[in-house]
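Quick look at coords30.csv (CSV, C-alpha atoms):
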```
chain,number,residue,atom,x,y,z
A,1,MET,CA,-10.3,-52.0,33.5
A,2,THR,CA,-7.8,-51.8,36.4
A,3,LEU,CA,-8.3,-48.5,38.3
A,4,PRO,CA,-5.3,-46.3,38.1
A,5,ARG,CA,-3.3,-45.0,41.1
A,6,HIS,CA,-3.5,-41.3,41.6
A,7,TYR,CA,-1.3,-38.9,43.6
A,8,LEU,CA,-3.5,-36.2,45.0
A,9,GLN,CA,-2.3,-35.9,48.6
A,10,PHE,CA,0.9,-37.0,50.3
A,11,LYS,CA,-1.1,-39.6,52.4
A,12,ASP,CA,-2.1,-41.4,49.2
A,13,PHE,CA,1.1,-43.5,49.5
A,14,SER,CA,2.4,-45.6,52.4
A,15,ALA,CA,5.8,-45.2,54.1
A,16,GLU,CA,7.0,-48.3,52.3
A,17,GLU,CA,6.0,-46.9,49.0
A,18,TYR,CA,7.9,-43.7,49.8
A,19,ALA,CA,11.0,-45.6,50.8
A,20,TYR,CA,10.8,-47.2,47.3
A,21,LEU,CA,10.3,-43.9,45.6
A,22,PHE,CA,13.3,-42.3,47.4
A,23,ARG,CA,15.5,-45.2,46.3
A,24,ARG,CA,14.3,-44.9,42.7
A,25,ALA,CA,14.8,-41.2,42.7
A,26,ARG,CA,18.4,-41.6,43.9
A,27,TRP,CA,19.0,-44.3,41.2
A,28,ILE,CA,17.4,-42.2,38.5
A,29,LYS,CA,19.3,-39.1,39.5
A,30,ASN,CA,22.6,-41.0,39.5
A,31,LYS,CA,21.9,-42.2,35.9
A,32,TYR,CA,21.1,-38.6,34.9
A,33,LYS,CA,24.4,-37.3,36.5
A,34,ARG,CA,26.4,-40.0,34.6
A,35,TYR,CA,24.7,-39.0,31.3
A,36,GLU,CA,23.3,-42.5,31.0
A,37,PRO,CA,20.0,-42.6,29.0
A,38,TYR,CA,17.1,-44.2,30.8
A,39,HIS,CA,13.8,-44.4,28.8
A,40,PRO,CA,11.3,-46.5,30.7
A,41,LEU,CA,8.4,-44.3,29.5
A,42,PHE,CA,9.3,-44.4,25.8
A,43,ASP,CA,6.3,-43.5,23.6
A,44,ARG,CA,4.2,-42.5,26.7
A,45,THR,CA,2.5,-39.1,26.9
A,46,LEU,CA,2.1,-36.8,29.9
A,47,VAL,CA,-0.5,-34.0,29.7
A,48,MET,CA,0.2,-31.0,31.9
A,49,ILE,CA,-2.8,-28.8,32.7
A,50,PHE,CA,-2.0,-25.4,34.2
A,51,GLU,CA,-4.6,-23.1,35.8
A,52,LYS,CA,-1.9,-21.6,38.0
A,53,ALA,CA,1.4,-20.4,36.3
A,54,SER,CA,4.6,-22.1,37.3
A,55,THR,CA,8.3,-22.3,36.5
A,56,ARG,CA,9.6,-25.3,38.5
A,57,THR,CA,6.5,-27.4,38.1
A,58,ARG,CA,6.4,-27.1,34.3
A,59,LEU,CA,10.1,-27.4,33.8
A,60,SER,CA,10.5,-30.4,36.1
A,61,PHE,CA,7.6,-32.4,34.7
A,62,GLU,CA,8.3,-31.6,31.0
A,63,ALA,CA,12.0,-32.2,31.2
A,64,GLY,CA,11.5,-35.2,33.4
A,65,MET,CA,9.0,-36.9,31.0
A,66,GLN,CA,11.4,-36.2,28.1
A,67,GLN,CA,14.3,-37.7,30.0
A,68,LEU,CA,12.3,-40.8,30.7
A,69,GLY,CA,11.8,-41.2,26.9
A,70,GLY,CA,8.2,-39.9,26.7
A,71,SER,CA,6.6,-36.6,25.6
A,72,ALA,CA,4.8,-33.9,27.4
A,73,ILE,CA,2.0,-31.7,26.2
A,74,TYR,CA,1.3,-28.3,27.9
A,75,LEU,CA,-2.3,-27.1,28.2
A,76,ASN,CA,-3.3,-23.8,29.8
A,77,THR,CA,-6.9,-23.5,30.9
A,78,ARG,CA,-7.0,-20.1,29.1
A,79,ASP,CA,-6.3,-21.9,25.8
A,80,SER,CA,-8.5,-25.0,26.2
A,81,GLN,CA,-12.1,-25.9,26.7
A,82,LEU,CA,-11.4,-26.2,30.4
A,83,GLY,CA,-11.3,-22.4,30.5
A,84,ARG,CA,-14.5,-22.1,28.5
A,85,GLY,CA,-16.8,-24.0,30.9
A,86,GLU,CA,-16.4,-27.6,29.8
A,87,PRO,CA,-17.0,-29.8,32.9
A,88,VAL,CA,-13.9,-31.2,34.6
A,89,GLU,CA,-15.5,-34.6,34.3
A,90,ASP,CA,-15.9,-34.3,30.5
A,91,SER,CA,-12.3,-33.1,30.0
A,92,SER,CA,-11.0,-36.0,32.1
A,93,GLU,CA,-12.9,-38.5,30.0
A,94,VAL,CA,-11.3,-37.1,26.8
A,95,ILE,CA,-7.8,-36.2,28.0
A,96,SER,CA,-7.3,-39.6,29.7
A,97,ARG,CA,-8.2,-41.5,26.5
A,98,MET,CA,-5.4,-39.7,24.6
A,99,SER,CA,-2.6,-39.8,27.2
A,100,ASP,CA,-0.8,-42.1,29.7
A,101,LEU,CA,-0.5,-39.7,32.6
A,102,VAL,CA,-2.0,-36.3,33.6
A,103,MET,CA,-0.6,-33.6,35.9
A,104,ILE,CA,-2.9,-30.7,37.0
A,105,ARG,CA,-1.8,-27.4,38.8
A,106,THR,CA,-4.9,-25.6,39.8
A,107,PHE,CA,-6.9,-23.9,42.6
A,108,GLU,CA,-9.4,-26.1,44.5
A,109,GLN,CA,-8.5,-29.6,45.5
A,110,SER,CA,-12.0,-30.6,44.4
A,111,ILE,CA,-10.9,-30.1,40.8
A,112,VAL,CA,-8.2,-32.8,40.9
A,113,GLU,CA,-10.5,-35.1,42.9
A,114,ARG,CA,-13.3,-34.7,40.3
A,115,PHE,CA,-10.8,-35.2,37.4
A,116,ALA,CA,-9.4,-38.4,39.1
A,117,LEU,CA,-12.8,-40.0,39.4
A,118,HIS,CA,-13.3,-40.0,35.6
A,119,SER,CA,-9.7,-40.5,34.5
A,120,ARG,CA,-8.5,-43.8,32.9
A,121,VAL,CA,-4.9,-42.9,33.6
A,122,PRO,CA,-2.9,-41.8,36.7
A,123,LEU,CA,-3.4,-38.2,37.8
A,124,ILE,CA,-0.8,-36.1,39.7
A,125,ASN,CA,-1.6,-33.1,41.8
A,126,GLY,CA,1.0,-30.5,40.7
A,127,LEU,CA,-0.4,-28.0,43.3
A,128,THR,CA,-3.7,-27.0,44.7
A,129,ASP,CA,-4.7,-24.4,47.3
A,130,GLU,CA,-4.9,-27.2,49.8
A,131,PHE,CA,-1.9,-29.5,49.0
A,132,HIS,CA,1.5,-29.6,47.2
A,133,PRO,CA,2.6,-33.3,47.5
A,134,CYS,CA,5.2,-33.2,44.7
A,135,GLN,CA,7.1,-30.4,46.5
A,136,ILE,CA,7.2,-32.3,49.8
A,137,LEU,CA,8.2,-35.5,48.0
A,138,ALA,CA,11.2,-33.6,46.7
A,139,ASP,CA,11.9,-31.9,50.0
A,140,VAL,CA,12.0,-35.1,52.0
A,141,PHE,CA,14.2,-36.7,49.3
A,142,THR,CA,16.5,-33.7,49.6
A,143,PHE,CA,16.7,-34.1,53.4
A,144,ILE,CA,17.5,-37.8,53.1
A,145,GLU,CA,20.2,-37.0,50.6
A,146,GLN,CA,21.7,-34.3,52.9
A,147,ARG,CA,21.2,-35.7,56.4
A,148,GLY,CA,19.9,-39.3,56.2
A,149,PRO,CA,16.5,-40.7,57.3
A,150,ILE,CA,13.8,-38.2,58.3
A,151,GLU,CA,12.1,-40.6,60.7
A,152,GLY,CA,12.2,-39.2,64.2
A,153,LYS,CA,13.5,-35.8,63.1
A,154,THR,CA,11.9,-32.4,63.6
A,155,VAL,CA,10.8,-30.0,60.9
A,156,ALA,CA,10.0,-26.4,61.7
A,157,TRP,CA,7.4,-24.7,59.6
A,158,ILE,CA,7.4,-20.9,59.9
A,159,GLY,CA,4.7,-18.8,58.3
A,160,ASP,CA,1.4,-19.4,56.6
A,161,ALA,CA,-0.8,-22.4,57.2
A,162,ASN,CA,-0.9,-23.0,53.4
A,163,ASN,CA,-0.8,-26.0,51.1
A,164,MET,CA,2.9,-26.6,51.9
A,165,CYS,CA,2.2,-26.6,55.6
A,166,ASN,CA,-0.8,-28.9,55.2
A,167,THR,CA,1.4,-31.4,53.2
A,168,TRP,CA,4.2,-31.3,55.8
A,169,LEU,CA,1.6,-32.3,58.4
A,170,GLN,CA,0.5,-35.3,56.3
A,171,ALA,CA,4.1,-36.3,55.6
A,172,ALA,CA,4.9,-36.3,59.3
A,173,GLU,CA,2.1,-38.8,59.9
A,174,VAL,CA,3.1,-41.0,57.1
A,175,LEU,CA,6.9,-41.0,57.7
A,176,ASN,CA,6.9,-40.6,61.5
A,177,PHE,CA,8.6,-37.3,62.2
A,178,THR,CA,7.4,-34.1,64.0
A,179,VAL,CA,6.5,-30.7,62.6
A,180,HIS,CA,6.9,-27.6,64.8
A,181,VAL,CA,4.4,-25.1,63.4
A,182,SER,CA,4.4,-21.4,64.1
A,183,ASN,CA,1.8,-19.2,62.3
A,184,PRO,CA,0.8,-15.6,63.0
A,185,PRO,CA,-2.6,-15.1,64.8
A,186,GLY,CA,-5.4,-15.5,62.4
A,187,TYR,CA,-3.4,-17.7,60.0
A,188,GLU,CA,-3.2,-20.9,62.1
A,189,ILE,CA,-3.3,-24.4,60.9
A,190,GLU,CA,-6.6,-26.3,60.6
A,191,PRO,CA,-5.9,-30.0,61.1
A,192,ASP,CA,-9.2,-31.1,59.6
A,193,LYS,CA,-8.4,-29.2,56.3
A,194,ALA,CA,-4.9,-30.5,56.4
A,195,GLY,CA,-6.2,-34.0,56.4
A,196,VAL,CA,-4.4,-35.2,59.5
A,197,ARG,CA,-5.9,-37.5,62.1
A,198,GLY,CA,-4.5,-35.9,65.3
A,199,SER,CA,-1.7,-33.9,66.9
A,200,ALA,CA,0.7,-36.7,67.6
A,201,HIS,CA,3.1,-35.5,64.9
A,202,PHE,CA,2.9,-31.8,65.2
A,203,LYS,CA,3.3,-29.1,67.9
A,204,VAL,CA,2.1,-25.5,67.7
A,205,PHE,CA,4.3,-22.6,68.9
A,206,ALA,CA,3.3,-18.9,69.2
A,207,ASP,CA,6.9,-17.8,68.9
A,208,PRO,CA,8.7,-18.9,65.7
A,209,ILE,CA,12.1,-19.0,67.6
A,210,ASP,CA,10.6,-21.7,69.9
A,211,ALA,CA,9.4,-23.6,66.9
A,212,CYS,CA,13.0,-23.6,65.4
A,213,ARG,CA,14.6,-24.7,68.6
A,214,GLY,CA,16.4,-28.0,68.0
A,215,ALA,CA,14.8,-28.5,64.5
A,216,HIS,CA,16.7,-30.5,61.9
A,217,LEU,CA,15.0,-28.7,59.0
A,218,VAL,CA,13.7,-25.1,59.0
A,219,THR,CA,11.4,-24.3,56.1
A,220,THR,CA,9.0,-21.6,55.0
A,221,ASP,CA,7.1,-20.2,52.0
A,222,VAL,CA,5.9,-16.8,50.6
A,223,TRP,CA,3.5,-15.0,52.9
A,224,THR,CA,1.0,-14.5,50.1
A,225,SER,CA,0.3,-17.6,48.0
A,226,MET,CA,-1.1,-17.4,44.5
A,227,GLY,CA,-4.8,-16.6,44.6
A,228,PHE,CA,-4.5,-14.6,47.8
A,229,GLU,CA,-3.0,-11.4,46.4
A,230,ALA,CA,-5.9,-9.3,47.7
A,231,GLU,CA,-4.7,-10.1,51.2
A,232,ASN,CA,-1.1,-9.0,50.5
A,233,GLU,CA,-1.1,-5.8,52.5
A,234,ALA,CA,-2.7,-7.3,55.6
A,235,ARG,CA,-0.3,-10.3,55.4
A,236,MET,CA,2.8,-8.1,55.2
A,237,LYS,CA,1.8,-6.7,58.6
A,238,ALA,CA,0.7,-9.9,60.2
A,239,PHE,CA,3.7,-12.0,59.2
A,240,ALA,CA,6.4,-9.4,60.0
A,241,ASP,CA,7.8,-11.4,62.9
A,242,TRP,CA,7.8,-14.7,61.0
A,243,CYS,CA,10.8,-14.0,58.8
A,244,VAL,CA,13.3,-16.8,59.0
A,245,ASP,CA,16.5,-15.2,60.0
A,246,GLU,CA,19.9,-16.0,61.5
A,247,ASP,CA,18.6,-16.0,65.1
A,248,MET,CA,16.1,-18.8,64.2
A,249,MET,CA,18.7,-20.9,62.4
A,250,ALA,CA,21.1,-20.4,65.4
A,251,VAL,CA,18.7,-22.2,67.8
A,252,ALA,CA,18.0,-25.0,65.4
A,253,ALA,CA,20.2,-28.2,65.4
A,254,PRO,CA,23.8,-27.5,64.5
A,255,ASP,CA,23.5,-29.4,61.2
A,256,ALA,CA,20.0,-28.0,60.4
A,257,VAL,CA,19.2,-27.2,56.8
A,258,PHE,CA,17.0,-24.5,55.4
A,259,MET,CA,14.5,-25.1,52.6
A,260,HIS,CA,12.1,-23.0,50.5
A,261,CYS,CA,9.9,-24.2,47.7
A,262,LEU,CA,10.6,-20.9,45.7
A,263,PRO,CA,10.1,-18.3,44.4
A,264,ALA,CA,11.4,-16.5,47.5
A,265,HIS,CA,11.2,-12.9,48.6
A,266,ARG,CA,14.4,-12.0,50.4
A,267,GLY,CA,13.7,-9.7,53.3
A,268,GLU,CA,10.1,-11.0,53.7
A,269,GLU,CA,9.7,-14.7,54.6
A,270,VAL,CA,13.5,-15.3,54.8
A,271,THR,CA,16.6,-13.1,55.0
A,272,ALA,CA,19.2,-13.2,52.3
A,273,ALA,CA,21.8,-14.3,54.8
A,274,VAL,CA,19.7,-17.5,55.4
A,275,ILE,CA,18.6,-18.5,51.9
A,276,ASP,CA,22.0,-17.7,50.5
A,277,GLY,CA,23.9,-19.0,53.5
A,278,PRO,CA,25.7,-22.3,54.2
A,279,GLN,CA,22.7,-24.1,55.7
A,280,SER,CA,20.5,-23.5,52.7
A,281,VAL,CA,19.9,-26.4,50.3
A,282,VAL,CA,17.2,-24.6,48.2
A,283,TRP,CA,19.0,-25.2,44.8
A,284,ASP,CA,19.4,-29.0,45.5
A,285,GLU,CA,15.8,-29.0,46.6
A,286,ALA,CA,14.6,-27.3,43.4
A,287,GLU,CA,16.6,-29.7,41.2
A,288,ASN,CA,15.2,-32.7,43.1
A,289,ARG,CA,11.7,-31.9,41.9
A,290,LEU,CA,13.0,-33.3,38.6
A,291,HIS,CA,14.3,-36.5,40.0
A,292,ALA,CA,11.6,-37.2,42.6
A,293,GLN,CA,8.9,-36.7,40.0
A,294,LYS,CA,10.6,-38.9,37.5
A,295,ALA,CA,10.5,-41.7,40.1
A,296,LEU,CA,6.8,-40.8,40.8
A,297,MET,CA,5.8,-40.9,37.1
A,298,GLU,CA,7.7,-44.2,36.6
A,299,PHE,CA,5.9,-45.7,39.6
A,300,LEU,CA,2.4,-44.5,38.6
A,301,VAL,CA,2.7,-45.8,35.0
A,302,LEU,CA,4.8,-49.0,35.5
A,303,GLY,CA,4.5,-49.9,39.1
A,304,LYS,CA,7.6,-51.0,41.0
A,305,VAL,CA,10.7,-51.4,38.9
A,306,GLU,CA,13.2,-53.2,41.1
A,307,GLU,CA,16.0,-53.8,38.6
A,308,GLY,CA,19.0,-51.6,39.4
A,309,ASP,CA,17.2,-50.4,42.6
A,310,ASP,CA,20.4,-50.4,44.7
A,311,ASN,CA,22.9,-49.3,42.1
```
Would you kindly transcribe this structure into structure tokens?
Amino acid sequence: MTLPRHYLQFKDFSAEEYAYLFRRARWIKNKYKRYEPYHPLFDRTLVMIFEKASTRTRLSFEAGMQQLGGSAIYLNTRDSQLGRGEPVEDSSEVISRMSDLVMIRTFEQSIVERFALHSRVPLINGLTDEFHPCQILADVFTFIEQRGPIEGKTVAWIGDANNMCNTWLQAAEVLNFTVHVSNPPGYEIEPDKAGVRGSAHFKVFADPIDACRGAHLVTTDVWTSMGFEAENEARMKAFADWCVDEDMMAVAAPDAVFMHCLPAHRGEEVTAAVIDGPQSVVWDEAENRLHAQKALMEFLVLGKVEEGDDN
């Protein structure tokens, strides 16, 4: 049996494969906007396993699979044997024999890695505590749509060294751009945990204003990620100076865009003037989860589909 391709971290794909995915996402999105049916995954089934709740992840994968002609099945760990102690390995063996593709949104990265080792079908990391590759896939696609190639550009990450930050660091290595990182003391990046080889593609700044200086993309996330709610009060104090505001955007490149993976807390990690302002592309970014993931699912199930690639 041919081993399936999985998408567990951003670095699982090469720059060439990403270039292909971004072309396909554009083509698939254009078909969608023209109301032209495209059903390459007819009669295929996606199983979505959620241990962490979500709006955008469930909607984009479920709608995306249906738009590609397939069907999507939602499983919550509270309502399945996964939540009653069945080993991840056993669940993988069963679920992958009854489906064509699996997406998991969970806590530890080790869960998706263990599932992948026993899966007969491609597995997609819908989010873990360590990585969020599908979101950065959509974010980079959005930047390319808005501003052109991201190679050689600068992305400013302001805030927590979380799964989003880790994935941006990986993306910078794969796609050859630079990330300016500014985290509060005690919440700094850990390159080894981020899975990056060195510091050639990122720079660390104590002052978030300095991190934003000249950046082509400024981005952030909530200060308290899901699963870290017990730290919320301490984080509110520690992150107080890491709110992306008009001053930070003013020192970025003149045509810089602002992104946020959502949900956002206006007045905490970003001001309302920024997220609702003219440089914000958060709604295009959110929509592009749908189109980028459709390209990803097509690729994992069918491989490269070149027909219509440049239309």
Item to complete: Please measure the separation of atom CA of Ser99 of chain A and atom CA of Arg120 of chain A, giving the value in Å to one decimal.
Response: 9.1 Å
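Between His265 of chain A and the residues A:Thr220, A:Ser182, A:Asp241, A:Asn125, the shortest atom-to-atom distance, using only C-alpha atoms, involves A:Thr220.
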How close does each residue of segment 233-275 of chain A get to segment 155-170 of chain A, giving the shortest atom pair and distance in Å to one decimal for every residue with an atom at most 12 Å away, counting all atoms listed in the file, sorted by chain and residue number, as CSV?
```
residue,atom,partner,partner_atom,distance
A:Arg235,CA,A:Asp160,CA,9.3
A:Met236,CA,A:Gly159,CA,11.3
A:Ala238,CA,A:Gly159,CA,9.9
A:Phe239,CA,A:Gly159,CA,6.9
A:Ala240,CA,A:Gly159,CA,9.7
A:Asp241,CA,A:Gly159,CA,9.2
A:Trp242,CA,A:Gly159,CA,5.8
A:Cys243,CA,A:Ile158,CA,7.8
A:Val244,CA,A:Ile158,CA,7.2
A:Asp245,CA,A:Ile158,CA,10.7
A:Met248,CA,A:Ile158,CA,9.9
A:Met249,CA,A:Ala156,CA,10.3
A:Val251,CA,A:Ala156,CA,11.4
A:Ala252,CA,A:Ala156,CA,8.9
A:Ala253,CA,A:Val155,CA,10.6
A:Ala256,CA,A:Val155,CA,9.4
A:Val257,CA,A:Val155,CA,9.8
A:Phe258,CA,A:Ala156,CA,9.6
A:Met259,CA,A:Trp157,CA,10.0
A:His260,CA,A:Met164,CA,10.0
A:Cys261,CA,A:Met164,CA,8.5
A:Leu262,CA,A:Met164,CA,11.4
A:Glu268,CA,A:Gly159,CA,10.5
A:Glu269,CA,A:Gly159,CA,7.4
A:Val270,CA,A:Ile158,CA,9.7
```
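Restricting the calculation to all atoms listed in the file, the smallest distance between Lys52 of chain A and any of A:Phe107, A:Tyr187, A:Phe205, A:Phe131 is found for A:Phe107.
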Item to complete: Around the point (-8.1, -27.1, 38.5), in the coordinates given by the file, pick out the residues reaching within 12 Å, counting only C-alpha atoms, and return them as a PyMOL selection string.
Response: chain A and resi 48-53+75-78+82-83+85+87-89+91-92+103-116+124-130
Check which residues of segment 266-311 of chain A sit at most 10 Å from segment 59-68 of chain A using all atoms listed in the file, and return one row each with the closest pair of atoms and their distance in Å to one decimal, ordered by chain and rising number, as a tab-separated table.
```
residue	atom	partner	partner_atom	distance
A:Ala286	CA	A:Ser60	CA	8.9
A:Glu287	CA	A:Ser60	CA	8.0
A:Asn288	CA	A:Ser60	CA	8.7
A:Arg289	CA	A:Ser60	CA	6.1
A:Leu290	CA	A:Ser60	CA	4.6
A:His291	CA	A:Gly64	CA	7.3
A:Ala292	CA	A:Gly64	CA	9.4
A:Gln293	CA	A:Phe61	CA	6.9
A:Lys294	CA	A:Gly64	CA	5.6
A:Ala295	CA	A:Gly64	CA	9.4
A:Met297	CA	A:Met65	CA	8.0
A:Glu298	CA	A:Leu68	CA	8.2
```
Restricted to C-alpha atoms, what would the selected residues look like written as an mmCIF file, keeping the file's coordinate frame?
```cif
data_model
loop_
_atom_site.group_PDB
_atom_site.id
_atom_site.type_symbol
_atom_site.label_atom_id
_atom_site.label_comp_id
_atom_site.auth_asym_id
_atom_site.auth_seq_id
_atom_site.Cartn_x
_atom_site.Cartn_y
_atom_site.Cartn_z
ATOM 1 C CA ALA A 286 14.600 -27.300 43.400
ATOM 2 C CA GLU A 287 16.600 -29.700 41.200
ATOM 3 C CA ASN A 288 15.200 -32.700 43.100
ATOM 4 C CA ARG A 289 11.700 -31.900 41.900
ATOM 5 C CA LEU A 290 13.000 -33.300 38.600
ATOM 6 C CA HIS A 291 14.300 -36.500 40.000
ATOM 7 C CA ALA A 292 11.600 -37.200 42.600
ATOM 8 C CA GLN A 293 8.900 -36.700 40.000
ATOM 9 C CA LYS A 294 10.600 -38.900 37.500
ATOM 10 C CA ALA A 295 10.500 -41.700 40.100
ATOM 11 C CA MET A 297 5.800 -40.900 37.100
ATOM 12 C CA GLU A 298 7.700 -44.200 36.600
#
```
Worksheet item: What gap, in Å, lies between atom CA of Ile136 of chain A and atom CA of Lys203 of chain A?
Response: 18.8 Å
Item to complete: Record the distance separating atom CA of Val47 of chain A and atom CA of Ile73 of chain A, expressed in Å with one decimal.
Response: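 For atom CA of Val47 of chain A relative to atom CA of Ile73 of chain A, the distance reads 4.9 Å.
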Discussion item. I'd like to know which of A:Pro278, A:Gly186, A:Lys153, A:Ser54 is closest to Pro263 of chain A, using all atoms listed in the file.
Written reply: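 Closest residue, counting all atoms listed in the file: A:Ser54.
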Worksheet, complete the sentence: Gln146 of chain A proximity check over A:His216, A:Asn183, A:Gln9, A:Lys237, using only C-alpha atoms: winner is A:His216
